[in-house]
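Okay, query.cif now, which holds mmCIF, C-alpha atoms and all ligand atoms:
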data_structure
#
loop_
_atom_site.label_atom_id
_atom_site.label_comp_id
_atom_site.auth_asym_id
_atom_site.auth_seq_id
_atom_site.Cartn_x
_atom_site.Cartn_y
_atom_site.Cartn_z
CA MET Q 1 14.05 -11.28 102.32
CA SER Q 2 12.06 -10.40 105.38
CA GLY Q 3 11.84 -7.69 107.97
CA ARG Q 4 11.23 -3.97 108.18
CA VAL Q 5 12.92 -1.22 106.24
CA GLU Q 6 12.68 2.52 106.78
CA ILE Q 7 12.41 4.80 103.78
CA SER Q 8 14.48 8.01 103.57
CA GLY Q 9 13.28 11.42 102.45
CA ALA Q 10 12.63 11.92 98.74
CA LYS Q 11 15.69 13.07 96.82
CA ASN Q 12 13.50 14.55 94.10
CA ALA Q 13 11.57 16.61 96.66
CA ALA Q 14 14.68 17.62 98.60
CA LEU Q 15 16.50 19.00 95.53
CA PRO Q 16 13.85 21.63 94.65
CA ALA Q 17 13.39 22.41 98.36
CA MET Q 18 17.09 23.23 98.63
CA ALA Q 19 16.93 25.35 95.46
CA ALA Q 20 13.91 27.20 96.92
CA SER Q 21 16.13 28.46 99.76
CA LEU Q 22 17.55 30.90 97.17
CA LEU Q 23 14.21 32.70 97.13
CA THR Q 24 14.74 34.34 100.50
CA PRO Q 25 17.58 35.96 102.48
CA GLU Q 26 16.16 34.27 105.59
CA THR Q 27 17.07 30.82 106.89
CA VAL Q 28 15.34 27.71 105.60
CA GLN Q 29 15.37 24.60 107.82
CA LEU Q 30 14.72 21.29 106.11
CA GLU Q 31 14.05 17.86 107.60
CA ASN Q 32 13.98 14.33 106.19
CA ILE Q 33 16.70 15.15 103.66
CA PRO Q 34 18.31 11.95 102.33
CA TYR Q 35 22.08 11.99 102.84
CA VAL Q 36 22.88 11.04 99.23
CA ARG Q 37 25.32 12.32 96.62
CA ASP Q 38 22.89 14.58 94.69
CA ILE Q 39 22.03 16.38 97.92
CA LEU Q 40 25.70 16.98 98.72
CA THR Q 41 26.24 18.22 95.17
CA THR Q 42 23.39 20.71 95.64
CA ARG Q 43 24.86 21.81 98.97
CA ARG Q 44 28.13 22.51 97.19
CA LEU Q 45 26.33 24.36 94.42
CA LEU Q 46 24.56 26.64 96.95
CA ALA Q 47 27.79 27.18 98.87
CA GLU Q 48 29.74 28.09 95.70
CA MET Q 49 27.08 30.66 94.86
CA GLY Q 50 27.64 32.26 98.28
CA ALA Q 51 24.94 30.72 100.51
CA ALA Q 52 25.59 29.29 103.96
CA ALA Q 53 24.58 25.67 103.40
CA GLU Q 54 24.80 22.86 105.90
CA VAL Q 55 23.44 19.32 105.40
CA ARG Q 56 23.76 16.79 108.20
CA PRO Q 57 23.70 12.98 108.16
CA ASP Q 58 20.67 13.07 110.50
CA GLY Q 59 18.58 14.44 107.61
CA THR Q 60 18.46 18.10 108.61
CA ALA Q 61 19.68 21.00 106.51
CA THR Q 62 20.10 24.69 107.33
CA LEU Q 63 20.33 26.98 104.32
CA THR Q 64 20.71 30.75 104.29
CA ALA Q 65 21.06 32.62 101.01
CA ALA Q 66 21.55 36.07 102.58
CA GLU Q 67 23.53 37.27 99.59
CA ILE Q 68 24.35 35.45 96.38
CA PRO Q 69 27.41 37.10 94.80
CA HIS Q 70 27.74 34.37 92.12
CA PRO Q 71 24.30 33.46 90.72
CA GLU Q 72 25.86 30.76 88.57
CA ALA Q 73 25.74 26.94 88.26
CA PRO Q 74 29.05 25.82 86.72
CA TYR Q 75 29.40 22.97 84.22
CA ASP Q 76 31.39 20.65 86.50
CA LEU Q 77 28.45 20.47 88.94
CA VAL Q 78 25.59 20.46 86.42
CA ARG Q 79 27.37 17.69 84.50
CA THR Q 80 27.04 15.32 87.46
CA MET Q 81 23.50 16.37 88.34
CA ARG Q 82 21.18 17.89 85.79
CA ALA Q 83 18.69 18.87 88.53
CA SER Q 84 21.09 21.81 89.10
CA ILE Q 85 18.88 23.55 86.53
CA LEU Q 86 16.44 23.99 89.46
CA VAL Q 87 18.40 27.05 90.63
CA LEU Q 88 17.45 28.94 87.46
CA GLY Q 89 13.86 29.79 88.51
CA PRO Q 90 14.70 30.97 92.05
CA LEU Q 91 17.71 33.03 90.88
CA MET Q 92 15.58 34.76 88.24
CA ALA Q 93 12.80 35.43 90.74
CA ARG Q 94 15.04 37.00 93.34
CA PHE Q 95 17.94 38.57 91.42
CA GLY Q 96 16.65 38.84 87.84
CA LYS Q 97 19.80 37.21 86.53
CA ALA Q 98 21.31 33.74 86.36
CA ARG Q 99 23.95 31.81 84.50
CA VAL Q 100 23.42 28.05 84.47
CA SER Q 101 25.34 25.50 82.45
CA LEU Q 102 23.30 23.36 80.06
CA PRO Q 103 23.26 19.78 81.30
CA GLY Q 104 24.64 18.26 78.10
CA GLY Q 105 24.22 14.64 77.06
CA CYS Q 106 22.57 12.32 79.52
CA ALA Q 107 22.69 8.54 79.72
CA ILE Q 108 18.90 8.22 79.53
CA GLY Q 109 18.18 10.33 76.48
CA ALA Q 110 18.26 13.93 75.31
CA ARG Q 111 16.55 15.56 78.33
CA PRO Q 112 16.24 19.12 77.02
CA VAL Q 113 15.38 22.21 79.10
CA ASN Q 114 13.58 24.16 76.36
CA LEU Q 115 10.32 24.31 78.34
CA HIS Q 116 12.07 25.82 81.38
CA LEU Q 117 13.41 28.58 79.12
CA MET Q 118 10.16 29.06 77.17
CA GLY Q 119 8.29 29.58 80.45
CA LEU Q 120 10.80 32.13 81.74
CA GLU Q 121 10.67 34.00 78.44
CA ARG Q 122 6.87 34.16 78.69
CA MET Q 123 7.42 35.75 82.10
CA GLY Q 124 9.60 38.45 80.55
CA ALA Q 125 13.12 36.98 80.83
CA ARG Q 126 15.70 37.10 78.09
CA CYS Q 127 17.42 33.73 77.76
CA GLU Q 128 20.47 33.18 75.62
CA VAL Q 129 22.75 30.19 75.28
CA VAL Q 130 26.39 31.36 75.32
CA HIS Q 131 29.38 28.98 75.55
CA GLY Q 132 27.12 26.15 76.74
CA TYR Q 133 25.54 28.31 79.45
CA VAL Q 134 22.01 29.65 79.72
CA GLU Q 135 22.34 33.35 80.48
CA ALA Q 136 19.04 34.75 81.66
CA SER Q 137 18.07 38.23 82.78
CA ALA Q 138 14.96 40.29 83.51
CA GLU Q 139 14.04 43.51 85.31
CA ARG Q 140 11.27 41.83 87.26
CA LEU Q 141 9.44 38.75 86.02
CA HIS Q 142 5.74 39.21 85.31
CA GLY Q 143 2.91 36.72 85.50
CA ALA Q 144 2.04 34.79 82.33
CA TYR Q 145 0.02 31.93 80.91
CA VAL Q 146 2.48 29.09 80.23
CA LEU Q 147 1.37 25.96 78.41
CA MET Q 148 3.96 23.19 78.48
CA ASP Q 149 3.49 20.78 75.59
CA THR Q 150 5.17 17.94 77.52
CA VAL Q 151 4.67 17.23 81.20
CA THR Q 152 7.96 18.16 82.88
CA VAL Q 153 8.60 17.74 86.60
CA THR Q 154 11.61 20.00 87.15
CA GLY Q 155 10.25 22.38 84.49
CA THR Q 156 7.03 22.81 86.49
CA GLU Q 157 9.04 23.24 89.71
CA ASN Q 158 11.40 25.80 88.18
CA LEU Q 159 8.56 27.91 86.77
CA MET Q 160 6.51 27.65 89.96
CA MET Q 161 9.49 29.05 91.92
CA ALA Q 162 10.07 31.77 89.32
CA ALA Q 163 6.39 32.79 89.42
CA CYS Q 164 6.25 33.12 93.23
CA MET Q 165 7.71 36.62 93.16
CA ALA Q 166 6.66 37.67 89.64
CA GLU Q 167 4.30 40.61 89.23
CA GLY Q 168 0.74 39.33 88.84
CA GLU Q 169 -0.72 35.90 88.17
CA THR Q 170 0.96 32.97 86.44
CA VAL Q 171 -0.94 29.96 85.16
CA LEU Q 172 1.11 26.82 84.49
CA ASP Q 173 -0.89 24.59 82.18
CA ASN Q 174 -0.26 20.89 81.52
CA ALA Q 175 1.79 21.04 84.72
CA ALA Q 176 3.29 17.98 86.42
CA CYS Q 177 1.17 16.51 89.27
CA GLU Q 178 3.98 14.53 90.93
CA PRO Q 179 3.89 14.47 94.75
CA GLU Q 180 7.29 16.23 94.70
CA VAL Q 181 5.68 19.21 92.92
CA CYS Q 182 2.98 19.38 95.63
CA ASP Q 183 5.61 19.10 98.36
CA LEU Q 184 7.47 22.07 96.87
CA ALA Q 185 4.21 24.06 96.59
CA CYS Q 186 3.52 23.28 100.23
CA MET Q 187 6.96 24.55 101.27
CA LEU Q 188 6.62 27.70 99.13
CA ARG Q 189 3.26 28.46 100.74
CA THR Q 190 4.94 28.21 104.15
CA MET Q 191 7.41 30.80 102.85
CA GLY Q 192 4.52 33.12 101.97
CA ALA Q 193 3.84 32.18 98.34
CA ARG Q 194 0.31 32.15 96.94
CA ILE Q 195 -0.08 28.92 94.98
CA GLU Q 196 -3.30 27.09 94.16
CA ASN Q 197 -4.30 23.86 92.44
CA ASP Q 198 -0.92 22.12 92.65
CA GLY Q 199 -1.51 18.41 92.13
CA THR Q 200 -3.71 19.26 89.11
CA ARG Q 201 -2.69 19.99 85.52
CA THR Q 202 -3.32 23.76 85.97
CA ILE Q 203 -1.39 25.52 88.74
CA ARG Q 204 -2.12 29.16 89.61
CA ILE Q 205 0.45 31.39 91.28
CA GLU Q 206 -0.15 34.95 92.41
CA GLY Q 207 3.21 36.69 92.78
CA VAL Q 208 4.16 38.28 96.12
CA LYS Q 209 6.92 40.83 96.85
CA ASN Q 210 8.99 38.76 99.24
CA LEU Q 211 9.25 35.26 100.65
CA HIS Q 212 10.49 34.48 104.14
CA GLY Q 213 12.33 31.62 105.82
CA CYS Q 214 10.57 28.41 106.85
CA ARG Q 215 10.86 24.97 108.34
CA HIS Q 216 9.78 22.15 106.06
CA ARG Q 217 9.84 18.34 106.25
CA VAL Q 218 10.15 16.71 102.82
CA ILE Q 219 8.00 13.73 101.85
CA PRO Q 220 9.32 10.15 101.89
CA ASP Q 221 10.93 8.75 98.74
CA ARG Q 222 8.28 6.87 96.77
CA ILE Q 223 10.85 5.44 94.37
CA GLU Q 224 12.98 4.01 97.18
CA ALA Q 225 9.80 2.54 98.71
CA GLY Q 226 8.83 1.09 95.33
CA THR Q 227 12.30 -0.41 94.91
CA PHE Q 228 11.97 -2.26 98.24
CA ALA Q 229 8.45 -3.38 97.30
CA VAL Q 230 9.90 -4.97 94.14
CA ALA Q 231 12.74 -6.47 96.24
CA ALA Q 232 10.09 -8.20 98.38
CA ALA Q 233 8.18 -9.43 95.32
CA ILE Q 234 11.20 -10.71 93.39
CA THR Q 235 12.60 -12.64 96.37
CA ARG Q 236 9.12 -13.93 97.38
CA GLY Q 237 9.91 -12.15 100.62
CA ASN Q 238 7.89 -10.60 103.40
CA VAL Q 239 8.80 -6.96 103.94
CA VAL Q 240 7.22 -4.10 105.87
CA ILE Q 241 8.20 -0.74 104.38
CA THR Q 242 7.92 2.08 106.91
CA ASN Q 243 7.98 5.90 106.76
CA CYS Q 244 6.32 6.03 103.35
CA VAL Q 245 3.11 7.44 101.84
CA PRO Q 246 1.29 4.50 100.21
CA ALA Q 247 -0.98 6.84 98.20
CA HIS Q 248 2.10 8.11 96.31
CA LEU Q 249 2.76 4.55 95.11
CA HIS Q 250 -0.73 3.71 93.96
CA SER Q 251 0.09 2.63 90.40
CA VAL Q 252 3.24 0.73 91.43
CA LEU Q 253 1.43 -1.20 94.16
CA GLU Q 254 -1.51 -1.97 91.89
CA GLN Q 255 0.91 -3.26 89.26
CA LEU Q 256 2.68 -5.46 91.83
CA GLU Q 257 -0.67 -6.90 92.91
CA ARG Q 258 -1.43 -7.80 89.29
CA THR Q 259 1.82 -9.76 89.20
CA GLY Q 260 0.59 -11.80 92.18
CA ALA Q 261 2.27 -10.05 95.12
CA GLU Q 262 0.20 -9.45 98.24
CA VAL Q 263 0.20 -5.78 99.13
CA ARG Q 264 -1.31 -4.21 102.23
CA ALA Q 265 -1.09 -0.46 102.71
CA GLY Q 266 -1.31 0.86 106.26
CA GLU Q 267 -0.78 4.23 107.90
CA GLY Q 268 2.64 5.21 106.57
CA THR Q 269 3.52 1.58 105.89
CA ILE Q 270 3.31 -0.94 103.08
CA HIS Q 271 3.48 -4.67 103.69
CA VAL Q 272 4.54 -6.69 100.63
CA ARG Q 273 4.60 -10.47 100.45
CA GLY Q 274 6.03 -11.97 97.29
CA ARG Q 275 4.14 -14.97 95.90
CA ASP Q 276 4.87 -17.74 93.43
CA PRO Q 277 4.30 -17.65 90.52
CA ILE Q 278 5.20 -14.10 89.54
CA ARG Q 279 2.80 -13.27 86.73
CA SER Q 280 4.06 -11.45 83.65
CA VAL Q 281 2.04 -8.25 83.21
CA ASP Q 282 2.56 -5.45 80.68
CA VAL Q 283 3.23 -1.92 81.86
CA THR Q 284 3.54 1.55 80.30
CA THR Q 285 5.34 4.43 82.02
CA ASN Q 286 3.45 7.70 82.30
CA PRO Q 287 3.54 10.97 84.22
CA TYR Q 288 2.05 10.78 87.73
CA PRO Q 289 -0.35 9.26 88.69
CA GLY Q 290 0.76 6.74 86.04
CA PHE Q 291 3.51 4.16 86.50
CA ALA Q 292 6.76 6.08 87.15
CA THR Q 293 9.59 5.86 84.63
CA ASP Q 294 11.88 5.77 87.69
CA MET Q 295 10.38 2.32 88.54
CA GLN Q 296 10.67 0.86 85.04
CA ALA Q 297 14.15 -0.67 85.44
CA GLN Q 298 13.26 -2.33 88.75
CA TYR Q 299 10.02 -3.69 87.29
CA MET Q 300 11.97 -5.15 84.36
CA ALA Q 301 14.14 -7.12 86.82
CA LEU Q 302 10.94 -8.53 88.33
CA MET Q 303 9.55 -9.46 84.93
CA THR Q 304 12.63 -11.56 84.13
CA GLN Q 305 11.17 -13.89 86.78
CA GLY Q 306 7.62 -13.80 85.35
CA ASP Q 307 5.67 -16.84 84.14
CA GLY Q 308 5.12 -15.51 80.59
CA THR Q 309 5.89 -12.49 78.42
CA ALA Q 310 5.60 -8.86 79.52
CA LEU Q 311 5.72 -5.82 77.27
CA ILE Q 312 7.31 -2.81 78.96
CA THR Q 313 6.64 0.48 77.17
CA GLU Q 314 8.75 3.53 78.09
CA THR Q 315 7.04 6.77 77.06
CA ILE Q 316 8.97 9.38 79.09
CA PHE Q 317 12.61 8.94 78.07
CA GLU Q 318 14.06 7.42 74.92
CA ASN Q 319 17.07 5.19 75.46
CA ARG Q 320 16.16 4.21 79.04
CA PHE Q 321 16.75 0.48 78.62
CA MET Q 322 20.49 0.23 79.29
CA HIS Q 323 19.84 -2.09 82.22
CA ALA Q 324 18.24 -4.56 79.78
CA LEU Q 325 21.62 -5.23 78.17
CA GLU Q 326 23.13 -6.11 81.54
CA LEU Q 327 20.12 -8.24 82.52
CA ILE Q 328 20.60 -10.14 79.23
CA ARG Q 329 24.19 -10.83 80.29
CA MET Q 330 22.74 -12.49 83.39
CA GLY Q 331 20.64 -14.80 81.20
CA ALA Q 332 17.41 -12.80 80.85
CA ASP Q 333 15.48 -13.05 77.58
CA ILE Q 334 14.74 -9.45 76.57
CA THR Q 335 14.27 -7.87 73.16
CA ILE Q 336 14.28 -4.10 72.73
CA GLU Q 337 12.26 -2.56 69.92
CA GLY Q 338 12.30 1.23 70.03
CA GLY Q 339 10.57 2.33 73.22
CA GLN Q 340 9.42 -1.18 74.09
CA ALA Q 341 11.06 -4.09 75.83
CA ILE Q 342 9.69 -7.59 75.44
CA VAL Q 343 10.63 -9.57 78.53
CA ARG Q 344 10.18 -13.33 78.35
CA GLY Q 345 10.22 -14.54 81.92
CA GLY Q 346 11.12 -17.80 83.56
CA LYS Q 347 14.81 -17.91 82.63
CA PRO Q 348 17.06 -18.46 85.63
CA LEU Q 349 19.52 -15.60 86.10
CA SER Q 350 23.15 -16.24 86.88
CA GLY Q 351 25.45 -13.87 88.73
CA ALA Q 352 27.82 -11.80 86.61
CA ASN Q 353 30.04 -8.73 86.61
CA LEU Q 354 27.81 -5.82 85.65
CA ILE Q 355 28.17 -2.12 84.94
CA ALA Q 356 25.53 0.29 86.21
CA SER Q 357 24.60 2.96 83.66
CA ASP Q 358 22.32 5.22 85.70
CA LEU Q 359 20.64 5.57 89.06
CA ARG Q 360 17.58 3.34 88.60
CA ALA Q 361 19.46 0.89 86.35
CA SER Q 362 21.80 0.23 89.31
CA ALA Q 363 18.81 -0.65 91.49
CA SER Q 364 17.49 -2.99 88.81
CA LEU Q 365 20.80 -4.88 88.63
CA ILE Q 366 20.92 -5.28 92.40
CA LEU Q 367 17.36 -6.66 92.41
CA ALA Q 368 18.32 -9.14 89.69
CA GLY Q 369 21.44 -10.05 91.67
CA LEU Q 370 19.27 -10.94 94.67
CA VAL Q 371 17.66 -13.83 92.74
CA ALA Q 372 20.55 -14.79 90.44
CA GLN Q 373 22.48 -17.97 91.08
CA GLY Q 374 25.96 -17.18 92.35
CA GLU Q 375 27.64 -13.87 92.89
CA THR Q 376 26.82 -10.61 91.14
CA VAL Q 377 29.24 -7.69 91.14
CA VAL Q 378 27.82 -4.27 90.20
CA ASP Q 379 30.41 -1.73 89.13
CA ARG Q 380 30.02 2.08 89.07
CA VAL Q 381 27.79 2.14 92.13
CA TYR Q 382 28.38 5.88 92.36
CA HIS Q 383 25.20 6.11 90.28
CA LEU Q 384 23.40 4.34 93.11
CA ASP Q 385 24.87 6.65 95.72
CA ARG Q 386 23.32 9.63 93.90
CA GLY Q 387 19.87 8.59 95.07
CA TYR Q 388 19.79 5.72 97.57
CA HIS Q 389 20.94 6.15 101.16
CA ARG Q 390 22.86 3.08 102.38
CA ILE Q 391 20.92 0.69 100.17
CA GLU Q 392 23.34 -2.15 100.88
CA GLU Q 393 22.81 -1.77 104.64
CA LYS Q 394 19.05 -1.65 104.23
CA LEU Q 395 19.04 -4.75 101.99
CA ALA Q 396 21.41 -6.60 104.33
CA GLY Q 397 19.02 -5.78 107.19
CA LEU Q 398 16.35 -7.70 105.28
CA GLY Q 399 18.58 -10.74 104.83
CA ALA Q 400 20.33 -10.04 101.53
CA VAL Q 401 23.98 -11.01 101.27
CA ILE Q 402 25.44 -7.80 99.91
CA GLU Q 403 28.51 -5.74 100.60
CA ARG Q 404 30.21 -2.64 99.30
CA ILE Q 405 33.71 -3.38 98.07
CA SER Q 406 36.01 -0.39 97.90
CA ARG Q 407 38.53 -0.73 95.20
C1 LIG G 1 12.30 14.33 86.90
C2 LIG G 1 12.93 13.45 87.96
C3 LIG G 1 13.37 12.14 87.35
C4 LIG G 1 12.23 11.48 86.61
C5 LIG G 1 11.56 12.45 85.65
C6 LIG G 1 10.29 11.90 85.01
C7 LIG G 1 13.90 15.08 89.47
C8 LIG G 1 15.13 15.72 89.99
N1 LIG G 1 14.08 14.17 88.50
O1 LIG G 1 13.30 14.61 85.93
O2 LIG G 1 13.85 11.30 88.39
O3 LIG G 1 12.71 10.37 85.89
O4 LIG G 1 11.20 13.66 86.33
O5 LIG G 1 9.37 11.56 85.99
O6 LIG G 1 12.80 15.36 89.93
N2 LIG G 1 11.23 17.63 78.40
C9 LIG G 1 11.26 18.49 77.31
N3 LIG G 1 11.63 19.80 77.52
C10 LIG G 1 11.94 20.29 78.74
C11 LIG G 1 11.89 19.42 79.86
C12 LIG G 1 11.53 18.10 79.65
O7 LIG G 1 10.99 18.07 76.18
O8 LIG G 1 12.25 21.48 78.86
C13 LIG G 1 10.83 16.21 78.21
C14 LIG G 1 11.97 15.23 78.56
O9 LIG G 1 12.83 15.03 77.46
C15 LIG G 1 11.18 13.99 78.91
C16 LIG G 1 9.91 14.54 79.57
O10 LIG G 1 9.84 15.91 79.16
O11 LIG G 1 10.83 13.28 77.74
C17 LIG G 1 9.87 14.47 81.06
O12 LIG G 1 11.05 15.01 81.61
P1 LIG G 1 11.06 15.80 82.99
O13 LIG G 1 9.79 15.53 83.73
O14 LIG G 1 11.44 17.21 82.74
O15 LIG G 1 12.23 15.10 83.77
P2 LIG G 1 13.09 15.78 84.88
O16 LIG G 1 12.29 16.86 85.53
O17 LIG G 1 14.45 16.10 84.35
#
Would you kindly transcribe this structure into C-alpha cells?
Amino acid sequence: MSGRVEISGAKNAALPAMAASLLTPETVQLENIPYVRDILTTRRLLAEMGAAAEVRPDGTATLTAAEIPHPEAPYDLVRTMRASILVLGPLMARFGKARVSLPGGCAIGARPVNLHLMGLERMGARCEVVHGYVEASAERLHGAYVLMDTVTVTGTENLMMAACMAEGETVLDNAACEPEVCDLACMLRTMGARIENDGTRTIRIEGVKNLHGCRHRVIPDRIEAGTFAVAAAITRGNVVITNCVPAHLHSVLEQLERTGAEVRAGEGTIHVRGRDPIRSVDVTTNPYPGFATDMQAQYMALMTQGDGTALITETIFENRFMHALELIRMGADITIEGGQAIVRGGKPLSGANLIASDLRASASLILAGLVAQGETVVDRVYHLDRGYHRIEEKLAGLGAVIERISR
C-alpha cells in the first residue's frame, strides 16, 4: 500500500464533547467530528432528550440543549453504545437528576460503571439502580476528593463534567491522562470551566455557577492513525498519514519501530514504511501513555507476520481476544492463556469468511485480509462503522482491493 491518507476527528473525543453540550443552554459548535455510527447515535440520544442536535457529513455539529425535558438515556441506545453513560455527569451537573440505562453485557468484558457512580456519590448524589437504570439525583453537587482505584477514561470524563458546576473544589485522583480527556478539559475551559492539571493523574476542578456555549475543534483520531500505521507495516507499504498528532501515538510508533518499520513523525504527519522482516516483539496494553488496548487487535494481526514469537498481554479488558479466533481460522498460530496471547509468526494467512466481534477486532481482520492469500470476507462490519469513517475508501485510496458489499 502506498500514498497519503487523511485521519478523521477522534470518535472518543467527539463523544464526550457532544455530551458536554448538555452543560449549557447556549449553542455549542463542534468541528472535526467523524461522521460515524456512534456519533449519530449520540446525536439521536441528545435529540430524544430534547436538545436541538445537528451533525453534518462535513464534520461540523451544532448542539443546543436549551431545555432538556427528558434527562434520560434509554436502553435501546445505551445497548448499542455504552459511551451513552457520558450524559450522566453533565445531566447531574445541570439538572441534578438523570436516568441512564446500565450498559449491560459487552463483547469485550464486564465494563462496569461503578467508579462513575462512586464519584457522583462522593459529590453528594444519590444513585440507585432500578429496573436496569441508574437513577441519580442531587440538590446541587458539591466538590469532593475522588480516588478511582482503576484508571477509567469515560469515568474521568463523566466526573470532570459533573464537577464543573459543583460547589467548591473537586480533585480526581488516579485520573486518566488520555489525550481525549485533555481535549474535553480544553473544551470545558472554553465554556468557562476552571480545570487544572488534566493530562496528569490528579485533576483539579473548581466549580463555577454556569457554563456558556463555545466553538471547539476535536483532536484527530489516534487509533485510526495507528490502524493505518499498522496497515503500512503489515503490507510493507509506504504511507503518509496526515491530519494527526504524532505525540499522541508515541508508544504505538515506538513499538512499530521495534518491529522493524521505519517511522518518521512530522508536523501533523506520520510517514511509515514497512520493512522485511517484521520482527516479533512483545507488548503489554496499559493506560495512556502506554500502548493502547484499542491498538491491541491490529498489532496482533501484524504479529501473525512476525519472524518469531510475540507475547501480547492485555491488562485493560478481560476477554478482548475474540479476533484471535478469527485470525486462527485464517491460518495464524495463536494460543490464548488468560490475558495473554502467544502469537507465533511466519505462517502465511489465507483468505476466509470472518465475523467481526467488535470495533477494533474488525480493523484487525481487515489488516490480516490485506496480506492473506485470496479473498477475505468480513461480516458484521456495522462494528467497524461505529468508529471508522469510510475505511474501505481510505484503504482503497492506498491501493488495497476492498469493497463494501451490501447484502
Ligand atoms: C474508553 C474508550 C475505549 C477504550 C478504553 C480504554 C471511549 C468512548 N472509549 O472506554 O475505546 O478501549 O477507554 O482505553 O472513550 N472500570 C471499572 N469501573 C468503572 C469503569 C471502568 O472497573 O466504573 C474498568 C474497566 O472494566 C476496565 C478499565 O476500568 O478494566 C478501563 O475502562 P475505561 O477506561 O472506563 O473504558 P471506557 O472509558 O469504557
Site check for ligand LIG 1 (chain G): residues at most 9 Å away, only C-alpha atoms and all ligand atoms, as number ranges by chain:
Q: 11-16, 81-86, 109-118, 148-157, 176, 178, 180-181, 223, 286-288, 292-295, 315-318, 359-360
Listed atoms of stretch 281-292 of chain Q, axis-aligned box, 5 Å per side: centre and edge lengths to one decimal in Å, as lines of an AutoDock Vina configuration file?
center_x = 3.2
center_y = 1.4
center_z = 84.5
size_x = 17.1
size_y = 29.2
size_z = 18.4
I want to know what sits within 9 Å of Q:Lys347, based on all atoms listed in the file, with residues of the same chain fewer than 3 positions away left out; could you give that as a PyMOL selection string?
chain Q and resi 304-306+331-333+344
Closest of Q:Pro90, Q:Gly132, Q:Gly96, Q:Pro246 to Q:Tyr75, counting only C-alpha atoms, is Q:Gly132
Atom pair atom CA of Q:Gly274 / atom CA of Q:Val252: separation (Å)
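Taking atom CA of Q:Gly274 and atom CA of Q:Val252, their separation equals 14.3 Å.
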Set the distance at 7 Å and use all atoms listed in the file: which residues neighbour Q:Glu262 once local chain neighbours fewer than 2 positions away are removed? I'd like the list as a VMD selection string.
chain Q and resid 257 260 264 272 to 274
How close does stretch 219-280 of chain Q get to stretch 369-391 of chain Q? List, as CSV, each residue of stretch 219-280 of chain Q within 12 Å, its nearest atom pair and the distance in Å to one decimal, counting all atoms listed in the file.
residue,atom,partner,partner_atom,distance
Q:Asp221,CA,Q:Tyr388,CA,9.4
Q:Arg222,CA,Q:Tyr388,CA,11.6
Q:Ile223,CA,Q:Tyr388,CA,9.5
Q:Glu224,CA,Q:Tyr388,CA,7.0
Q:Ala225,CA,Q:Tyr388,CA,10.5
Q:Thr227,CA,Q:Tyr388,CA,10.0
Q:Phe228,CA,Q:Ile391,CA,9.6
Q:Val230,CA,Q:Leu370,CA,11.1
Q:Ala231,CA,Q:Leu370,CA,8.1
Q:Ala232,CA,Q:Leu370,CA,10.3
Q:Ala233,CA,Q:Val371,CA,10.8
Q:Ile234,CA,Q:Val371,CA,7.2
Q:Thr235,CA,Q:Val371,CA,6.3
Q:Arg236,CA,Q:Val371,CA,9.7
Q:Gly237,CA,Q:Leu370,CA,11.2
